file run39.csv (CSV, C-alpha atoms)
chain,number,residue,atom,x,y,z
A,1260,ILE,CA,204.5,-144.5,-38.1
A,1261,LEU,CA,201.0,-143.3,-38.8
A,1262,ASN,CA,198.9,-142.4,-35.8
A,1263,VAL,CA,195.1,-142.2,-35.7
A,1264,GLU,CA,193.9,-140.6,-32.5
A,1265,GLN,CA,190.4,-140.5,-31.1
A,1266,SER,CA,189.2,-138.3,-28.3
A,1267,PRO,CA,187.8,-138.5,-25.8
A,1268,GLN,CA,188.6,-142.1,-24.8
A,1269,SER,CA,185.3,-142.4,-23.1
A,1270,LEU,CA,182.2,-140.3,-22.7
A,1271,HIS,CA,179.2,-140.6,-20.3
A,1272,VAL,CA,176.1,-138.7,-21.2
A,1273,GLN,CA,172.4,-138.6,-20.3
A,1274,GLU,CA,169.7,-139.7,-22.6
A,1275,GLY,CA,168.7,-136.8,-24.8
A,1276,ASP,CA,172.1,-135.2,-24.8
A,1277,SER,CA,173.8,-134.5,-28.1
A,1278,THR,CA,177.5,-135.5,-28.3
A,1279,ASN,CA,180.4,-135.4,-30.6
A,1280,PHE,CA,183.9,-136.9,-30.8
A,1281,THR,CA,187.0,-136.5,-32.8
A,1282,CYS,CA,189.2,-138.6,-35.0
A,1283,SER,CA,192.6,-137.2,-36.0
A,1284,PHE,CA,194.6,-138.7,-38.8
A,1285,PRO,CA,197.6,-138.0,-41.0
A,1286,SER,CA,196.8,-135.5,-43.7
A,1287,SER,CA,199.1,-137.1,-46.3
A,1288,ASN,CA,198.5,-140.3,-48.2
A,1289,PHE,CA,194.8,-140.1,-47.5
A,1290,TYR,CA,192.3,-142.3,-49.4
A,1291,ALA,CA,189.2,-142.7,-47.1
A,1292,LEU,CA,188.1,-142.4,-43.5
A,1293,HIS,CA,185.9,-145.1,-42.1
A,1294,TRP,CA,183.6,-144.9,-39.0
A,1295,TYR,CA,182.4,-148.0,-37.2
A,1296,ARG,CA,180.1,-148.6,-34.3
A,1297,TRP,CA,181.0,-151.5,-32.1
A,1298,GLU,CA,178.6,-152.9,-29.5
A,1299,THR,CA,179.9,-155.2,-26.8
A,1300,ALA,CA,180.0,-158.9,-27.9
A,1301,LYS,CA,179.0,-158.0,-31.5
A,1302,SER,CA,180.8,-157.2,-34.7
A,1303,PRO,CA,181.9,-153.7,-35.6
A,1304,GLU,CA,179.3,-152.2,-37.9
A,1305,ALA,CA,180.2,-149.8,-40.7
A,1306,LEU,CA,178.6,-146.4,-40.3
A,1307,PHE,CA,180.3,-144.2,-42.9
A,1308,VAL,CA,183.0,-144.2,-45.5
A,1309,MET,CA,184.1,-140.6,-46.2
A,1310,THR,CA,186.5,-139.6,-49.0
A,1311,LEU,CA,186.2,-136.0,-50.0
A,1312,ASN,CA,187.3,-132.9,-48.0
A,1313,GLY,CA,184.2,-131.2,-46.7
A,1314,ASP,CA,182.2,-134.4,-46.9
A,1315,GLU,CA,179.2,-134.6,-44.6
A,1316,LYS,CA,177.3,-137.9,-44.1
A,1317,LYS,CA,174.2,-138.6,-42.1
A,1318,LYS,CA,172.5,-141.8,-40.9
A,1319,GLY,CA,169.5,-141.1,-38.7
A,1320,ARG,CA,170.7,-139.2,-35.6
A,1321,ILE,CA,174.3,-139.8,-36.4
A,1322,SER,CA,176.3,-137.6,-38.7
A,1323,ALA,CA,180.0,-137.1,-39.6
A,1324,THR,CA,182.1,-134.5,-41.2
A,1325,LEU,CA,185.6,-134.7,-42.8
A,1326,ASN,CA,188.5,-132.3,-43.1
A,1327,THR,CA,191.3,-134.0,-45.0
A,1328,LYS,CA,193.5,-130.9,-45.2
A,1329,GLU,CA,193.9,-130.6,-41.4
A,1330,GLY,CA,193.3,-134.3,-40.8
A,1331,TYR,CA,190.2,-134.7,-38.7
A,1332,SER,CA,186.7,-136.0,-38.7
A,1333,TYR,CA,183.9,-135.4,-36.2
A,1334,LEU,CA,181.1,-137.8,-35.4
A,1335,TYR,CA,177.9,-136.3,-34.0
A,1336,ILE,CA,175.0,-138.0,-32.3
A,1337,LYS,CA,171.9,-135.9,-31.8
A,1338,GLY,CA,169.6,-136.7,-28.9
A,1339,SER,CA,171.6,-139.7,-27.6
A,1340,GLN,CA,169.7,-142.8,-26.7
A,1341,PRO,CA,170.8,-145.8,-24.4
A,1342,GLU,CA,171.0,-148.0,-27.6
A,1343,ASP,CA,173.7,-145.6,-28.9
A,1344,SER,CA,176.0,-146.9,-26.2
A,1345,ALA,CA,178.9,-148.5,-28.0
A,1346,THR,CA,182.5,-147.9,-28.9
A,1347,TYR,CA,182.9,-145.8,-32.0
A,1348,LEU,CA,186.0,-146.5,-34.1
A,1349,CYS,CA,187.5,-144.5,-36.9
A,1350,ALA,CA,190.0,-146.0,-39.4
A,1351,PHE,CA,192.2,-144.1,-41.8
A,1352,GLU,CA,192.6,-145.8,-45.2
A,1353,ASN,CA,195.8,-145.0,-47.0
A,1354,GLN,CA,196.5,-145.0,-50.7
A,1355,GLY,CA,197.7,-148.6,-50.3
A,1356,GLY,CA,194.3,-149.7,-49.0
A,1357,LYS,CA,195.3,-150.5,-45.5
A,1358,LEU,CA,193.1,-149.5,-42.6
A,1359,ILE,CA,194.7,-147.9,-39.5
A,1360,PHE,CA,192.4,-147.8,-36.5
A,1361,GLY,CA,192.1,-145.4,-33.7
A,1362,GLN,CA,191.6,-146.6,-30.1
A,1363,GLY,CA,187.9,-145.8,-30.2
A,1364,THR,CA,185.6,-143.6,-28.1
A,1365,GLU,CA,183.5,-145.5,-25.7
A,1366,LEU,CA,180.1,-143.9,-25.3
A,1367,SER,CA,177.7,-144.7,-22.5
A,1368,VAL,CA,174.3,-143.2,-22.5
A,1369,LYS,CA,172.3,-143.3,-19.2
A,1370,PRO,CA,168.5,-143.4,-19.3
B,1158,GLY,CA,173.7,-158.9,-45.7
B,1159,ALA,CA,177.5,-158.9,-45.3
B,1160,VAL,CA,177.6,-161.1,-42.3
B,1161,VAL,CA,180.9,-162.5,-41.0
B,1162,SER,CA,181.0,-165.2,-38.4
B,1163,GLN,CA,184.0,-166.1,-36.3
B,1164,HIS,CA,184.5,-169.3,-34.2
B,1165,PRO,CA,185.2,-169.8,-31.4
B,1166,SER,CA,184.1,-166.7,-29.6
B,1167,TRP,CA,186.5,-167.5,-26.7
B,1168,VAL,CA,189.1,-170.1,-26.0
B,1169,ILE,CA,191.3,-171.0,-23.1
B,1170,CYS,CA,194.3,-173.2,-23.8
B,1171,LYS,CA,197.5,-174.4,-22.2
B,1172,SER,CA,200.8,-173.0,-23.1
B,1173,GLY,CA,202.4,-174.8,-25.9
B,1174,THR,CA,199.2,-175.9,-27.6
B,1175,SER,CA,197.9,-174.7,-31.0
B,1176,VAL,CA,194.6,-172.9,-31.5
B,1177,LYS,CA,192.7,-172.5,-34.7
B,1178,ILE,CA,190.2,-169.6,-35.3
B,1179,GLU,CA,187.8,-169.7,-38.2
B,1180,CYS,CA,186.4,-166.7,-40.0
B,1181,ARG,CA,183.5,-167.2,-42.5
B,1182,SER,CA,181.7,-164.8,-44.8
B,1183,LEU,CA,178.1,-166.1,-44.7
B,1184,ASP,CA,176.4,-164.3,-47.5
B,1185,PHE,CA,179.1,-163.0,-49.8
B,1186,GLN,CA,182.3,-164.0,-51.4
B,1187,ALA,CA,185.4,-162.6,-49.8
B,1188,THR,CA,188.5,-162.5,-52.0
B,1189,THR,CA,190.4,-160.7,-49.2
B,1190,MET,CA,190.2,-161.3,-45.5
B,1191,PHE,CA,192.1,-159.5,-42.7
B,1192,TRP,CA,193.2,-160.6,-39.3
B,1193,TYR,CA,193.6,-158.1,-36.5
B,1194,ARG,CA,194.7,-158.3,-32.9
B,1195,GLN,CA,193.7,-156.0,-30.1
B,1196,PHE,CA,195.4,-155.7,-26.7
B,1197,PRO,CA,193.5,-154.0,-23.8
B,1198,LYS,CA,193.0,-150.3,-24.3
B,1199,GLN,CA,194.7,-150.4,-27.6
B,1200,SER,CA,193.5,-150.1,-31.2
B,1201,LEU,CA,192.9,-152.9,-33.7
B,1202,MET,CA,196.3,-153.8,-35.2
B,1203,LEU,CA,196.4,-155.5,-38.6
B,1204,MET,CA,198.4,-158.8,-38.4
B,1205,ALA,CA,198.0,-160.0,-41.9
B,1206,THR,CA,196.0,-159.9,-45.1
B,1207,SER,CA,195.0,-163.0,-46.9
B,1208,ASN,CA,193.8,-163.4,-50.4
B,1209,GLU,CA,192.0,-166.5,-51.5
B,1210,GLY,CA,194.3,-169.1,-53.0
B,1211,SER,CA,197.5,-167.3,-52.2
B,1212,LYS,CA,199.9,-166.8,-49.3
B,1213,ALA,CA,199.1,-164.3,-46.6
B,1214,THR,CA,200.9,-161.0,-46.4
B,1215,TYR,CA,202.1,-160.3,-42.8
B,1216,GLU,CA,202.6,-157.0,-41.2
B,1217,GLN,CA,206.0,-156.1,-39.9
B,1218,GLY,CA,206.7,-157.8,-36.5
B,1219,VAL,CA,204.2,-160.5,-37.0
B,1220,GLU,CA,205.7,-164.0,-37.1
B,1221,LYS,CA,204.3,-165.9,-40.0
B,1222,ASP,CA,205.4,-169.3,-38.6
B,1223,LYS,CA,203.6,-168.6,-35.4
B,1224,PHE,CA,200.4,-167.2,-36.9
B,1225,LEU,CA,199.5,-169.5,-39.7
B,1226,ILE,CA,196.8,-168.2,-42.1
B,1227,ASN,CA,194.9,-170.3,-44.6
B,1228,HIS,CA,192.4,-168.8,-47.0
B,1229,ALA,CA,191.4,-171.9,-49.1
B,1230,SER,CA,188.0,-170.7,-50.2
B,1231,LEU,CA,186.1,-167.5,-50.9
B,1232,THR,CA,184.2,-167.8,-47.7
B,1233,LEU,CA,186.7,-169.2,-45.1
B,1234,SER,CA,190.0,-168.1,-43.7
B,1235,THR,CA,191.6,-169.6,-40.6
B,1236,LEU,CA,194.2,-168.3,-38.2
B,1237,THR,CA,196.2,-170.9,-36.3
B,1238,VAL,CA,198.2,-169.7,-33.3
B,1239,THR,CA,200.9,-172.3,-33.0
B,1240,SER,CA,202.6,-173.2,-29.7
B,1241,ALA,CA,200.7,-170.5,-27.9
B,1242,HIS,CA,202.2,-168.7,-25.0
B,1243,PRO,CA,200.7,-166.4,-22.4
B,1244,GLU,CA,201.9,-163.3,-24.3
B,1245,ASP,CA,199.7,-164.4,-27.2
B,1246,SER,CA,196.6,-163.9,-25.1
B,1247,SER,CA,194.6,-161.2,-26.8
B,1248,PHE,CA,191.5,-160.5,-28.8
B,1249,TYR,CA,191.7,-161.6,-32.4
B,1250,ILE,CA,189.2,-160.3,-34.9
B,1251,CYS,CA,188.8,-161.0,-38.6
B,1252,SER,CA,187.2,-159.0,-41.4
B,1253,ALA,CA,186.4,-159.6,-45.0
B,1254,ARG,CA,186.1,-157.5,-48.1
B,1255,ASP,CA,183.2,-158.3,-50.4
B,1256,ARG,CA,184.4,-159.4,-53.8
B,1257,ALA,CA,181.8,-157.1,-55.4
B,1258,SER,CA,182.7,-154.1,-53.3
B,1259,GLY,CA,183.8,-150.8,-54.8
B,1260,THR,CA,187.1,-149.0,-54.7
B,1261,TYR,CA,187.2,-148.4,-50.9
B,1262,ASN,CA,188.4,-151.0,-48.5
B,1263,GLU,CA,185.1,-151.4,-46.7
B,1264,GLN,CA,185.5,-154.4,-44.4
B,1265,PHE,CA,182.9,-156.5,-42.7
B,1266,PHE,CA,183.9,-157.8,-39.3
B,1267,GLY,CA,183.4,-160.9,-37.3
B,1268,PRO,CA,182.6,-160.6,-33.6
B,1269,GLY,CA,186.1,-161.6,-32.5
B,1270,THR,CA,187.8,-164.4,-30.5
B,1271,ARG,CA,189.1,-163.9,-27.0
B,1272,LEU,CA,192.2,-166.1,-26.6
B,1273,THR,CA,193.6,-166.8,-23.1
B,1274,VAL,CA,196.7,-168.9,-22.8
B,1275,LEU,CA,197.5,-170.3,-19.4
call {"tool": "encode", "arguments": {"input": "run39.csv", "output": "structure tokens"}}
result
Amino acid sequence: ILNVEQSPQSLHVQEGDSTNFTCSFPSSNFYALHWYRWETAKSPEALFVMTLNGDEKKKGRISATLNTKEGYSYLYIKGSQPEDSATYLCAFENQGGKLIFGQGTELSVKP
Amino acid sequence: GAVVSQHPSWVICKSGTSVKIECRSLDFQATTMFWYRQFPKQSLMLMATSNEGSKATYEQGVEKDKFLINHASLTLSTLTVTSAHPEDSSFYICSARDRASGTYNEQFFGPGTRLTVL
């Protein structure tokens, strides 16, 4: 059974704080790692697809890194804003093309 | 671009009835659509993968006779929960893969359907 773990489960920060959370995944049979942002009552929105060990991707104030050898990815948000409040999901894509999701990290940013 | 709609957004039904959920790709053609289920505080769990014009592939432990999937066109897949029971109450969400997408399984999600069976 493949486990994708995200930590922390929830996070409460003040506006302007920088934050980061972790996605751990199996280091074998790796094909890609996906990050999604999911606001309440909306569709999950794709943030990044990461494939190479050492990959770093950035989208505005959000960035992510990937370590496939040890099986983890970090998502960073610089200067959190209330509109960043959402659940952040990671998904491990195996060689067969299946996505296996973590439970998500629920971020709440207070003004 | 890459918008997926899902209908209904929530449904309440009596035990023993069947419920149909629609998933549509609005601005792209989806050769493959996926159906997930999420129980409270748990991760999205893949139920089945459907390819246009062929039978769906179900994950282990998912009853194909209970969860009927039809993917008759490149923009529509339906999930029918037959003879629903309270234990089927859950959040069901679909996703679609763009026919023109690259090698990675980038999926575009609908907003989900909350099913409550009384």
call {"tool": "closest_residue", "arguments": {"input": "run39.csv", "among": "B:Gln1199, B:Thr1188, B:Ile1226, B:Arg1181", "to": "chain A", "atoms": "all atoms listed in the file"}}
result
B:Gln1199
call {"tool": "closest_atom_pairs", "arguments": {"input": "run39.csv", "of": "chain A", "to": "chain B", "cutoff": "12 Å", "atoms": "only C-alpha atoms", "output": "tab-separated table"}}
result
residue	atom	partner	partner_atom	distance
A:Ile1260	CA	B:Gln1217	CA	11.8
A:Asn1262	CA	B:Ser1200	CA	10.5
A:Val1263	CA	B:Ser1200	CA	9.2
A:Glu1264	CA	B:Ser1200	CA	9.6
A:Gln1265	CA	B:Ser1200	CA	10.1
A:Gln1268	CA	B:Lys1198	CA	9.3
A:Ser1269	CA	B:Lys1198	CA	11.1
A:Phe1289	CA	B:Tyr1261	CA	11.8
A:Tyr1290	CA	B:Tyr1261	CA	8.1
A:Ala1291	CA	B:Tyr1261	CA	7.1
A:Leu1292	CA	B:Tyr1261	CA	9.6
A:His1293	CA	B:Glu1263	CA	7.8
A:Trp1294	CA	B:Glu1263	CA	10.2
A:Tyr1295	CA	B:Gln1264	CA	10.1
A:Arg1296	CA	B:Phe1266	CA	11.1
A:Trp1297	CA	B:Pro1268	CA	9.4
A:Glu1298	CA	B:Pro1268	CA	9.6
A:Thr1299	CA	B:Pro1268	CA	9.1
A:Ala1300	CA	B:Pro1268	CA	6.5
A:Lys1301	CA	B:Pro1268	CA	4.9
A:Ser1302	CA	B:Pro1268	CA	4.0
A:Pro1303	CA	B:Phe1266	CA	5.9
A:Glu1304	CA	B:Phe1266	CA	7.4
A:Ala1305	CA	B:Phe1265	CA	7.5
A:Leu1306	CA	B:Glu1263	CA	10.4
A:Phe1307	CA	B:Glu1263	CA	9.5
A:Val1308	CA	B:Glu1263	CA	7.6
A:Met1309	CA	B:Tyr1261	CA	9.6
A:Thr1310	CA	B:Tyr1261	CA	9.0
A:Thr1346	CA	B:Ser1200	CA	11.5
A:Tyr1347	CA	B:Ser1200	CA	11.5
A:Leu1348	CA	B:Ser1200	CA	8.8
A:Cys1349	CA	B:Ser1200	CA	10.0
A:Ala1350	CA	B:Leu1201	CA	9.4
A:Phe1351	CA	B:Asn1262	CA	10.3
A:Glu1352	CA	B:Asn1262	CA	7.5
A:Asn1353	CA	B:Asn1262	CA	9.6
A:Gln1354	CA	B:Tyr1261	CA	9.9
A:Gly1355	CA	B:Asn1262	CA	9.8
A:Gly1356	CA	B:Asn1262	CA	6.1
A:Lys1357	CA	B:Asn1262	CA	7.5
A:Leu1358	CA	B:Asn1262	CA	7.7
A:Ile1359	CA	B:Met1202	CA	7.5
A:Phe1360	CA	B:Leu1201	CA	5.8
A:Gly1361	CA	B:Ser1200	CA	5.5
A:Gln1362	CA	B:Ser1200	CA	4.1
A:Gly1363	CA	B:Ser1200	CA	7.1
A:Thr1364	CA	B:Lys1198	CA	10.7
A:Glu1365	CA	B:Lys1198	CA	10.7
call {"tool": "axis_aligned_box", "arguments": {"input": "run39.csv", "around": "segment 1342-1351 of chain A", "padding_each_side": "6 Å", "output": "lines of an AutoDock Vina configuration file"}}
result
center_x = 181.6
center_y = -146.3
center_z = -34.0
size_x = 33.2
size_y = 16.4
size_z = 27.6
call {"tool": "atom_distance", "arguments": {"input": "run39.csv", "atom1": "atom CA of Tyr1335 of chain A", "atom2": "atom CA of Ile1321 of chain A"}}
result
5.6 Å
call {"tool": "residues_around", "arguments": {"input": "run39.csv", "residues": "Ala1205 of chain B", "least_positions_apart": "3", "cutoff": "8 Å", "atoms": "all atoms listed in the file", "output": "ChimeraX atom specification"}}
result
/B:1191-1193,1213-1216,1219
call {"tool": "residues_around", "arguments": {"input": "run39.csv", "residues": "Ser1246 of chain B", "least_positions_apart": "4", "cutoff": "6 Å", "atoms": "all atoms listed in the file", "output": "CSV table (one decimal) with C-alpha atoms, in the frame of the given file"}}
result
chain,number,residue,atom,x,y,z
B,1272,LEU,CA,192.2,-166.1,-26.6
B,1273,THR,CA,193.6,-166.8,-23.1
B,1274,VAL,CA,196.7,-168.9,-22.8
call {"tool": "atom_distance", "arguments": {"input": "run39.csv", "atom1": "atom CA of Cys1180 of chain B", "atom2": "atom CA of Pro1243 of chain B"}}
result
22.7 Å
call {"tool": "residues_near_point", "arguments": {"input": "run39.csv", "point": "(180.4, -132.9, -44.0)", "cutoff": "8 Å", "atoms": "all atoms listed in the file", "output": "PyMOL selection string"}}
result
chain A and resi 1312-1316+1323-1325
call {"tool": "residues_around", "arguments": {"input": "run39.csv", "residues": "Ser1240 of chain B", "least_positions_apart": "3", "cutoff": "6 Å", "atoms": "only C-alpha atoms", "output": "ChimeraX atom specification"}}
result
/B:1173-1175
call {"tool": "residues_near_point", "arguments": {"input": "run39.csv", "point": "(196.3, -173.1, -22.4)", "cutoff": "6 Å", "atoms": "only C-alpha atoms", "output": "list of chain:residue names"}}
result
B:Ile1169, B:Cys1170, B:Lys1171, B:Ser1172, B:Val1274, B:Leu1275
call {"tool": "closest_residue", "arguments": {"input": "run39.csv", "among": "B:Trp1167, B:Phe1185, B:Phe1224, B:Phe1196", "to": "Thr1237 of chain B", "atoms": "all atoms listed in the file"}}
result
B:Phe1224
call {"tool": "residues_around", "arguments": {"input": "run39.csv", "residues": "Asn1208 of chain B", "least_positions_apart": "5", "cutoff": "10 Å", "atoms": "all atoms listed in the file", "output": "CSV table (one decimal) with C-alpha atoms, in the frame of the given file"}}
result
chain,number,residue,atom,x,y,z
B,1187,ALA,CA,185.4,-162.6,-49.8
B,1188,THR,CA,188.5,-162.5,-52.0
B,1189,THR,CA,190.4,-160.7,-49.2
B,1190,MET,CA,190.2,-161.3,-45.5
B,1191,PHE,CA,192.1,-159.5,-42.7
B,1213,ALA,CA,199.1,-164.3,-46.6
B,1214,THR,CA,200.9,-161.0,-46.4
B,1227,ASN,CA,194.9,-170.3,-44.6
B,1228,HIS,CA,192.4,-168.8,-47.0
B,1229,ALA,CA,191.4,-171.9,-49.1
B,1230,SER,CA,188.0,-170.7,-50.2
B,1231,LEU,CA,186.1,-167.5,-50.9
B,1234,SER,CA,190.0,-168.1,-43.7
B,1253,ALA,CA,186.4,-159.6,-45.0
B,1254,ARG,CA,186.1,-157.5,-48.1
call {"tool": "atom_distance", "arguments": {"input": "run39.csv", "atom1": "atom CA of Asp1184 of chain B", "atom2": "atom CA of Tyr1249 of chain B"}}
result
21.7 Å
call {"tool": "closest_residue", "arguments": {"input": "run39.csv", "among": "B:Glu1244, B:Lys1177, B:Ser1182, B:Val1238", "to": "Pro1165 of chain B", "atoms": "only C-alpha atoms"}}
result
B:Lys1177
